[in-house]
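Coordinates from target-v9.cif are shown below (mmCIF, C-alpha atoms).
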data_final
#
loop_
_atom_site.label_atom_id
_atom_site.label_comp_id
_atom_site.auth_asym_id
_atom_site.auth_seq_id
_atom_site.Cartn_x
_atom_site.Cartn_y
_atom_site.Cartn_z
CA MET A 1 3.28 19.92 2.88
CA PHE A 2 4.53 16.56 1.63
CA TRP A 3 6.70 15.87 4.69
CA THR A 4 6.56 17.24 8.23
CA SER A 5 9.36 17.24 10.78
CA LEU A 6 7.66 14.36 12.62
CA HIS A 7 7.57 12.32 9.42
CA ALA A 8 11.29 12.92 8.98
CA TYR A 9 12.11 11.99 12.59
CA THR A 10 10.09 8.77 12.43
CA LEU A 11 10.31 7.57 8.83
CA ILE A 12 13.99 8.04 8.01
CA PRO A 13 15.15 5.80 10.90
CA GLN A 14 12.45 3.31 9.93
CA PHE A 15 13.74 3.15 6.36
CA VAL A 16 17.29 2.53 7.60
CA VAL A 17 16.13 -0.33 9.82
CA TYR A 18 13.92 -1.78 7.06
CA ILE A 19 16.77 -1.77 4.55
CA ALA A 20 19.21 -3.40 6.96
CA LEU A 21 16.76 -6.06 8.13
CA ALA A 22 15.52 -6.91 4.64
CA PHE A 23 19.11 -7.16 3.37
CA VAL A 24 20.12 -9.51 6.19
CA LEU A 25 17.04 -11.68 5.70
CA SER A 26 17.58 -11.86 1.95
CA ARG A 27 21.12 -13.13 2.41
CA ALA A 28 20.15 -15.56 5.16
CA LEU A 29 17.39 -17.08 3.02
CA LYS A 30 19.16 -16.81 -0.33
CA ASN A 31 19.63 -20.54 -0.88
CA LYS A 32 16.45 -21.70 0.85
CA ASP A 33 13.36 -23.09 -0.84
CA ARG A 34 10.51 -20.86 -2.01
CA GLU A 35 8.37 -21.30 1.11
CA SER A 36 11.27 -20.45 3.40
CA GLN A 37 12.04 -17.33 1.38
CA LEU A 38 8.43 -16.24 1.76
CA LEU A 39 8.48 -16.64 5.56
CA PRO A 40 9.29 -12.97 6.38
CA LEU A 41 6.49 -11.85 4.06
CA LYS A 42 4.14 -14.36 5.68
CA ILE A 43 4.93 -12.99 9.15
CA CYS A 44 4.29 -9.43 7.99
CA THR A 45 1.04 -10.51 6.36
CA VAL A 46 -0.21 -12.18 9.53
CA LEU A 47 0.65 -9.05 11.52
CA LEU A 48 -1.30 -6.90 9.04
CA LEU A 49 -4.31 -9.20 9.29
CA VAL A 50 -4.20 -9.20 13.10
CA LEU A 51 -3.99 -5.40 13.16
CA GLU A 52 -6.93 -5.11 10.79
CA ALA A 53 -8.99 -7.61 12.78
CA ALA A 54 -8.29 -5.61 15.95
CA LYS A 55 -9.36 -2.41 14.21
CA GLN A 56 -12.60 -3.93 12.95
CA ILE A 57 -13.43 -5.33 16.40
CA MET A 58 -12.61 -2.01 18.07
CA GLY A 59 -14.78 -0.23 15.53
CA ILE A 60 -17.73 -2.51 16.19
CA VAL A 61 -17.34 -2.05 19.94
CA THR A 62 -16.89 1.73 19.94
CA GLY A 63 -19.16 2.68 17.03
CA TYR A 64 -18.47 1.73 13.44
CA SER A 65 -17.57 4.17 10.69
CA THR A 66 -17.91 3.27 7.00
CA TYR A 67 -14.40 4.70 6.60
CA TRP A 68 -13.09 1.55 8.25
CA ILE A 69 -14.48 -0.72 5.54
CA PRO A 70 -11.34 -2.19 3.92
CA LEU A 71 -11.75 -0.70 0.46
CA HIS A 72 -8.92 1.81 0.62
CA PHE A 73 -5.96 1.69 -1.75
CA CYS A 74 -3.78 0.19 1.00
CA SER A 75 -6.53 -2.27 1.93
CA LEU A 76 -5.27 -4.31 -1.01
CA PHE A 77 -2.60 -5.58 1.40
CA LEU A 78 -5.38 -7.51 3.13
CA TYR A 79 -6.32 -9.38 -0.02
CA PHE A 80 -3.25 -9.91 -2.18
CA HIS A 81 -0.61 -10.51 0.46
CA PRO A 82 -2.50 -13.46 2.03
CA LEU A 83 -3.15 -14.84 -1.47
CA ALA A 84 0.54 -14.44 -2.33
CA CYS A 85 1.68 -16.14 0.87
CA PHE A 86 -0.84 -18.91 1.34
CA CYS A 87 -2.52 -19.61 -2.00
CA LYS A 88 -1.36 -22.62 -3.99
CA GLY A 89 -1.61 -23.21 -7.71
CA LYS A 90 -0.93 -21.43 -10.99
CA LEU A 91 -2.29 -18.05 -9.90
CA ARG A 92 0.09 -17.73 -6.97
CA GLU A 93 2.81 -15.99 -8.98
CA ARG A 94 0.23 -13.45 -10.22
CA PHE A 95 -0.77 -12.77 -6.62
CA ILE A 96 2.88 -12.39 -5.60
CA LEU A 97 3.31 -9.90 -8.43
CA ILE A 98 0.36 -7.76 -7.34
CA ALA A 99 1.41 -7.98 -3.69
CA GLY A 100 4.81 -6.63 -4.71
CA VAL A 101 3.22 -3.79 -6.65
CA VAL A 102 0.94 -2.95 -3.70
CA SER A 103 3.98 -2.78 -1.42
CA THR A 104 5.91 -0.63 -3.87
CA CYS A 105 3.01 1.80 -4.28
CA LEU A 106 2.92 2.32 -0.52
CA PHE A 107 6.68 2.79 -0.34
CA LEU A 108 6.52 5.46 -3.06
CA PHE A 109 3.81 7.38 -1.22
CA MET A 110 5.67 7.06 2.08
CA ALA A 111 8.89 8.24 0.46
CA VAL A 112 7.39 11.12 -1.55
CA TYR A 113 4.17 12.21 0.19
CA PRO A 114 3.80 10.56 3.62
CA ASN A 115 1.51 13.33 4.82
CA ILE A 116 -1.22 12.02 2.52
CA ILE A 117 -0.96 8.58 4.18
CA TYR A 118 -1.12 9.83 7.76
CA SER A 119 -0.58 13.22 9.37
CA ASP A 120 1.78 14.27 12.12
CA ASP A 121 -1.30 14.47 14.34
CA ALA A 122 -1.72 10.73 13.76
CA ILE A 123 1.88 10.18 14.90
CA ARG A 124 1.26 12.19 18.08
CA SER A 125 -2.00 10.36 18.72
CA MET A 126 -0.30 7.00 18.28
CA TRP A 127 2.41 7.96 20.76
CA ASN A 128 -0.12 9.25 23.27
CA TYR A 129 -2.05 6.00 23.01
CA LEU A 130 1.08 3.92 23.57
CA THR A 131 2.09 5.98 26.60
CA GLY A 132 -1.38 5.97 28.15
CA ARG A 133 -2.05 9.67 27.62
CA GLY A 134 -5.15 9.34 25.48
CA GLY A 135 -4.67 9.17 21.76
CA SER A 136 -6.40 6.72 19.45
CA PHE A 137 -6.02 3.04 18.74
CA PHE A 138 -7.11 3.73 15.17
CA GLU A 139 -4.16 6.08 14.65
CA LEU A 140 -1.88 3.43 16.17
CA HIS A 141 -3.30 0.97 13.64
CA THR A 142 -2.73 3.43 10.79
CA VAL A 143 0.91 4.08 11.62
CA LEU A 144 1.80 0.44 12.36
CA PHE A 145 -0.12 -0.94 9.36
CA HIS A 146 1.63 1.36 6.91
CA GLY A 147 4.99 0.81 8.60
CA ILE A 148 4.77 -2.97 8.22
CA GLY A 149 3.42 -2.58 4.70
CA THR A 150 6.35 -0.36 3.74
CA PHE A 151 8.83 -2.92 5.09
CA THR A 152 7.40 -5.56 2.74
CA PHE A 153 8.59 -3.50 -0.23
CA PHE A 154 12.18 -3.99 0.89
CA LEU A 155 11.55 -7.72 1.26
CA PHE A 156 10.34 -7.91 -2.33
CA MET A 157 13.26 -5.80 -3.55
CA PHE A 158 16.12 -7.55 -1.73
CA GLN A 159 14.74 -11.08 -1.86
CA GLY A 160 13.75 -10.97 -5.52
CA LEU A 161 10.45 -12.71 -4.79
CA ILE A 162 8.82 -11.87 -8.13
CA ARG A 163 9.41 -13.85 -11.31
CA PHE A 164 9.05 -11.04 -13.81
CA ASN A 165 7.36 -11.38 -17.19
CA THR A 166 6.85 -7.79 -18.29
CA ARG A 167 4.16 -8.23 -20.95
CA LYS A 168 2.00 -10.48 -18.77
CA ASP A 169 2.73 -8.41 -15.66
CA VAL A 170 1.58 -5.13 -17.21
CA VAL A 171 -1.71 -6.70 -18.28
CA THR A 172 -2.21 -8.13 -14.78
CA VAL A 173 -1.55 -4.78 -13.11
CA VAL A 174 -3.89 -2.85 -15.43
CA ILE A 175 -6.72 -5.36 -15.02
CA THR A 176 -6.32 -5.56 -11.23
CA TYR A 177 -6.36 -1.83 -10.61
CA GLY A 178 -8.95 -1.22 -13.30
CA LEU A 179 -11.28 -3.61 -11.47
CA TYR A 180 -10.46 -1.90 -8.19
CA CYS A 181 -11.58 1.43 -9.65
CA LEU A 182 -14.74 -0.07 -11.19
CA ILE A 183 -15.75 -1.55 -7.84
CA VAL A 184 -14.62 1.02 -5.30
CA ALA A 185 -15.28 4.34 -7.06
CA PRO A 186 -19.08 3.79 -7.30
CA VAL A 187 -19.24 2.40 -3.74
CA ALA A 188 -17.40 5.47 -2.44
CA GLN A 189 -19.96 7.77 -4.08
CA LEU A 190 -22.96 5.70 -2.94
CA ILE A 191 -22.01 5.64 0.73
CA ASP A 192 -20.15 8.98 0.66
CA THR A 193 -16.94 7.51 2.05
CA ASN A 194 -13.59 8.72 0.79
CA PHE A 195 -11.98 5.45 -0.30
CA ASN A 196 -8.85 6.16 -2.38
CA ASN A 197 -9.83 9.87 -2.43
CA PHE A 198 -12.66 9.04 -4.85
CA VAL A 199 -15.06 11.44 -3.07
CA HIS A 200 -12.61 14.28 -2.50
CA SER A 201 -8.85 14.62 -2.49
CA ASN A 202 -6.64 14.93 0.57
CA ALA A 203 -4.04 16.53 -1.70
CA PRO A 204 -4.86 20.27 -1.86
CA PHE A 205 -3.81 20.70 -5.51
CA LEU A 206 -6.06 17.83 -6.65
CA GLU A 207 -8.95 19.04 -4.51
CA ASN A 208 -8.68 22.47 -6.13
CA ILE A 209 -8.96 20.82 -9.54
CA ARG A 210 -12.02 18.84 -8.42
CA LEU A 211 -13.77 21.93 -7.04
CA SER A 212 -12.91 23.91 -10.15
CA MET A 213 -14.43 21.25 -12.43
CA ILE A 214 -17.57 21.09 -10.31
CA GLU A 215 -17.91 24.86 -10.43
CA SER A 216 -17.49 25.00 -14.21
CA THR A 217 -19.45 21.90 -15.31
CA GLY A 218 -21.81 21.12 -12.43
CA ALA A 219 -21.65 18.70 -9.51
CA PHE A 220 -22.37 15.44 -11.35
CA ALA A 221 -20.22 16.08 -14.42
CA GLY A 222 -17.37 17.61 -12.45
CA GLN A 223 -17.28 14.78 -9.93
CA THR A 224 -17.47 12.17 -12.71
CA VAL A 225 -14.51 13.71 -14.55
CA TYR A 226 -12.57 13.89 -11.28
CA VAL A 227 -13.24 10.20 -10.55
CA LEU A 228 -12.16 9.26 -14.07
CA ILE A 229 -8.93 11.26 -13.73
CA LEU A 230 -8.24 9.68 -10.35
CA SER A 231 -8.94 6.23 -11.79
CA VAL A 232 -6.36 6.78 -14.52
CA GLY A 233 -3.87 7.79 -11.84
CA THR A 234 -4.82 4.76 -9.76
CA ILE A 235 -3.79 2.56 -12.69
CA LEU A 236 -0.72 4.55 -13.75
CA VAL A 237 0.89 4.69 -10.30
CA PRO A 238 0.97 0.88 -9.92
CA LEU A 239 2.41 0.58 -13.43
CA ILE A 240 5.18 2.99 -12.47
CA ALA A 241 5.61 1.09 -9.21
CA TYR A 242 5.97 -2.18 -11.14
CA PHE A 243 8.85 -0.89 -13.23
CA ILE A 244 10.51 0.66 -10.19
CA LEU A 245 10.25 -2.66 -8.36
CA LYS A 246 11.65 -4.54 -11.34
CA TRP A 247 14.52 -2.07 -11.68
CA THR A 248 15.42 -2.00 -7.97
CA THR A 249 15.17 -5.78 -7.74
CA GLY A 250 17.66 -5.98 -10.59
CA LEU A 251 20.02 -3.61 -8.79
CA PHE A 252 19.80 -4.96 -5.26
CA GLY A 253 17.92 -8.23 -5.23
CA LEU A 254 18.03 -11.72 -6.57
CA LYS A 255 16.29 -10.88 -9.83
CA LYS A 256 14.38 -13.62 -11.61
CA SER A 257 14.63 -13.51 -15.39
CA ASP A 258 11.66 -12.63 -17.57
CA ARG A 259 9.99 -15.84 -18.53
CA ASP A 260 6.65 -17.39 -19.49
#
Whole structure given in structure tokens:
Amino acid sequence: MFWTSLHAYTLIPQFVVYIALAFVLSRALKNKDRESQLLPLKICTVLLLVLEAAKQIMGIVTGYSTYWIPLHFCSLFLYFHPLACFCKGKLRERFILIAGVVSTCLFLFMAVYPNIIYSDDAIRSMWNYLTGRGGSFFELHTVLFHGIGTFTFFLFMFQGLIRFNTRKDVVTVVITYGLYCLIVAPVAQLIDTNFNNFVHSNAPFLENIRLSMIESTGAFAGQTVYVLILSVGTILVPLIAYFILKWTTGLFGLKKSDRD
């Protein structure tokens, strides 16, 4: 199931609020300098970093799991958003580009298949934790982290933060996510931790394909083919996200022209 009733009850109102807030902020900051326009993204980035720091500390205190190592697909928020917000120099626009793509990827998953990001059990656990009825801080982190991350997509879209240069942008996206796959896929196998679904898939239809390949070709060959297929998808989805972000920015935002 791509959506559950709890996802609908919680995400649809969130999207409405995100759109309204991002629209208001974009108009309020329309004529401000670059640093002022980046202020909402900077605030979101700091919140994401604080949440992640709290999770890591809680993990160390309660018993650490390798699953909490920040190598997941959405962990890229922790690297590229701070670089986009606080780095100076020629590479900053490249970092802003990738940060925008990261945000758009998350929005697409949250809009199409939120159940693969977090389950309705995670929503219940978060609520129980907030109301003092048990639950889990880690589920609270998951829901809040992805909520803030999703909001940043609307900031990029309405504020037009990216200065698009399609040819250069496509190369940057392919290299970035290609390197992510080259680094994280082997690590996931070595420590048997399901970063980016590289060990097994949380999507039933993809997991069936993985198991079928293992059954027909053997464990090593089948898993290798599965990882390669997933790596191709891990590069293609951000490319699709890039063009969606460029298109929606043109429709709703303050689009910057393609330029060198």
Interatomic distance (Å, one decimal) between atom CA of Ile60 of chain A and atom CA of Gly134 of chain A: 19.6 Å
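Considering all atoms listed in the file, the residue among A:Val16, A:Ile117, A:Leu51, A:Val173 positioned nearest to Phe95 of chain A is A:Val173.
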Option closest in space to Tyr118 of chain A, from A:His200, A:His7, A:Arg34, A:Arg133 [counting only C-alpha atoms]: A:His7
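Shortest separation to Lys55 of chain A among A:Val174, A:Leu39, A:Leu140, A:Leu236 occurs at residue A:Leu140, atoms counted being all atoms listed in the file.
Taken over the whole file, the PyMOL selection byres ((chain A and resi 209) around 12) covers exactly His200, Ser201, Asn202, Ala203, Pro204, Phe205, Leu206, Glu207, Asn208, Arg210, Leu211, Ser212, Met213, Ile214, Glu215, Ser216, Gly222, Gln223, Val225, Tyr226, Val227, Ile229 and Leu230 of chain A.
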Per residue of segment 110-227 of chain A within 7 Å of segment 70-74 of chain A, what are the shortest atom pair and its distance in Å to one decimal, counting all atoms listed in the file, with rows by chain and residue number, as CSV?
residue,atom,partner,partner_atom,distance
A:Val184,CA,A:Leu71,CA,6.7
A:Phe195,CA,A:His72,CA,4.8
A:Asn196,CA,A:His72,CA,5.3
Run the PyMOL selection byres ((chain A and resi 145) around 12) against the file shown and list the residues it catches, as a ChimeraX atom specification. /A:44-55,74-75,77-78,103,106,117-118,126,137-144,146-152
Would you save the residues from that selection as an mmCIF file, in the frame of the given file, using C-alpha atoms?
data_model
loop_
_atom_site.group_PDB
_atom_site.id
_atom_site.type_symbol
_atom_site.label_atom_id
_atom_site.label_comp_id
_atom_site.auth_asym_id
_atom_site.auth_seq_id
_atom_site.Cartn_x
_atom_site.Cartn_y
_atom_site.Cartn_z
ATOM 1 C CA CYS A 44 4.290 -9.430 7.990
ATOM 2 C CA THR A 45 1.040 -10.510 6.360
ATOM 3 C CA VAL A 46 -0.210 -12.180 9.530
ATOM 4 C CA LEU A 47 0.650 -9.050 11.520
ATOM 5 C CA LEU A 48 -1.300 -6.900 9.040
ATOM 6 C CA LEU A 49 -4.310 -9.200 9.290
ATOM 7 C CA VAL A 50 -4.200 -9.200 13.100
ATOM 8 C CA LEU A 51 -3.990 -5.400 13.160
ATOM 9 C CA GLU A 52 -6.930 -5.110 10.790
ATOM 10 C CA ALA A 53 -8.990 -7.610 12.780
ATOM 11 C CA ALA A 54 -8.290 -5.610 15.950
ATOM 12 C CA LYS A 55 -9.360 -2.410 14.210
ATOM 13 C CA CYS A 74 -3.780 0.190 1.000
ATOM 14 C CA SER A 75 -6.530 -2.270 1.930
ATOM 15 C CA PHE A 77 -2.600 -5.580 1.400
ATOM 16 C CA LEU A 78 -5.380 -7.510 3.130
ATOM 17 C CA SER A 103 3.980 -2.780 -1.420
ATOM 18 C CA LEU A 106 2.920 2.320 -0.520
ATOM 19 C CA ILE A 117 -0.960 8.580 4.180
ATOM 20 C CA TYR A 118 -1.120 9.830 7.760
ATOM 21 C CA MET A 126 -0.300 7.000 18.280
ATOM 22 C CA PHE A 137 -6.020 3.040 18.740
ATOM 23 C CA PHE A 138 -7.110 3.730 15.170
ATOM 24 C CA GLU A 139 -4.160 6.080 14.650
ATOM 25 C CA LEU A 140 -1.880 3.430 16.170
ATOM 26 C CA HIS A 141 -3.300 0.970 13.640
ATOM 27 C CA THR A 142 -2.730 3.430 10.790
ATOM 28 C CA VAL A 143 0.910 4.080 11.620
ATOM 29 C CA LEU A 144 1.800 0.440 12.360
ATOM 30 C CA HIS A 146 1.630 1.360 6.910
ATOM 31 C CA GLY A 147 4.990 0.810 8.600
ATOM 32 C CA ILE A 148 4.770 -2.970 8.220
ATOM 33 C CA GLY A 149 3.420 -2.580 4.700
ATOM 34 C CA THR A 150 6.350 -0.360 3.740
ATOM 35 C CA PHE A 151 8.830 -2.920 5.090
ATOM 36 C CA THR A 152 7.400 -5.560 2.740
#
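Interatomic distance, atom CA of Lys88 of chain A against atom CA of Ser26 of chain A: 22.6 Å.
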Applying 9 Å and all atoms listed in the file, which residues near Gly178 of chain A remain after dropping the ones on its own chain fewer than 4 positions away? List them as a PyMOL selection string. chain A and resi 173-174+182-183+231-232+234-235
How many Å lie between atom CA of Phe158 of chain A and atom CA of Leu21 of chain A, rounded to one decimal? 10.0 Å
Apply the PyMOL selection byres ((chain A and resi 238-242) around 8) to the structure shown and report the selected residues as a compact mmCIF listing (two decimals) with C-alpha atoms, keeping the file's coordinate frame.
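Output contents, as saved in result-v7.txt:
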# COMPACT_ATOMS: atom_id res chain seq x y z
CA GLY A 100 4.81 -6.63 -4.71
CA VAL A 101 3.22 -3.79 -6.65
CA VAL A 102 0.94 -2.95 -3.70
CA THR A 104 5.91 -0.63 -3.87
CA CYS A 105 3.01 1.80 -4.28
CA LEU A 108 6.52 5.46 -3.06
CA VAL A 170 1.58 -5.13 -17.21
CA VAL A 173 -1.55 -4.78 -13.11
CA VAL A 174 -3.89 -2.85 -15.43
CA TYR A 177 -6.36 -1.83 -10.61
CA THR A 234 -4.82 4.76 -9.76
CA ILE A 235 -3.79 2.56 -12.69
CA LEU A 236 -0.72 4.55 -13.75
CA VAL A 237 0.89 4.69 -10.30
CA PHE A 243 8.85 -0.89 -13.23
CA ILE A 244 10.51 0.66 -10.19
CA LEU A 245 10.25 -2.66 -8.36
CA LYS A 246 11.65 -4.54 -11.34
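For the choices A:Leu161, A:Leu228, A:Val17, A:Ala8, the atom-to-atom distance to Glu35 of chain A is smallest for A:Leu161 when using all atoms listed in the file.
Shortest separation to Ala28 of chain A among A:Thr217, A:Asn197, A:Ser65, A:Gln159 occurs at residue A:Gln159, atoms counted being all atoms listed in the file.
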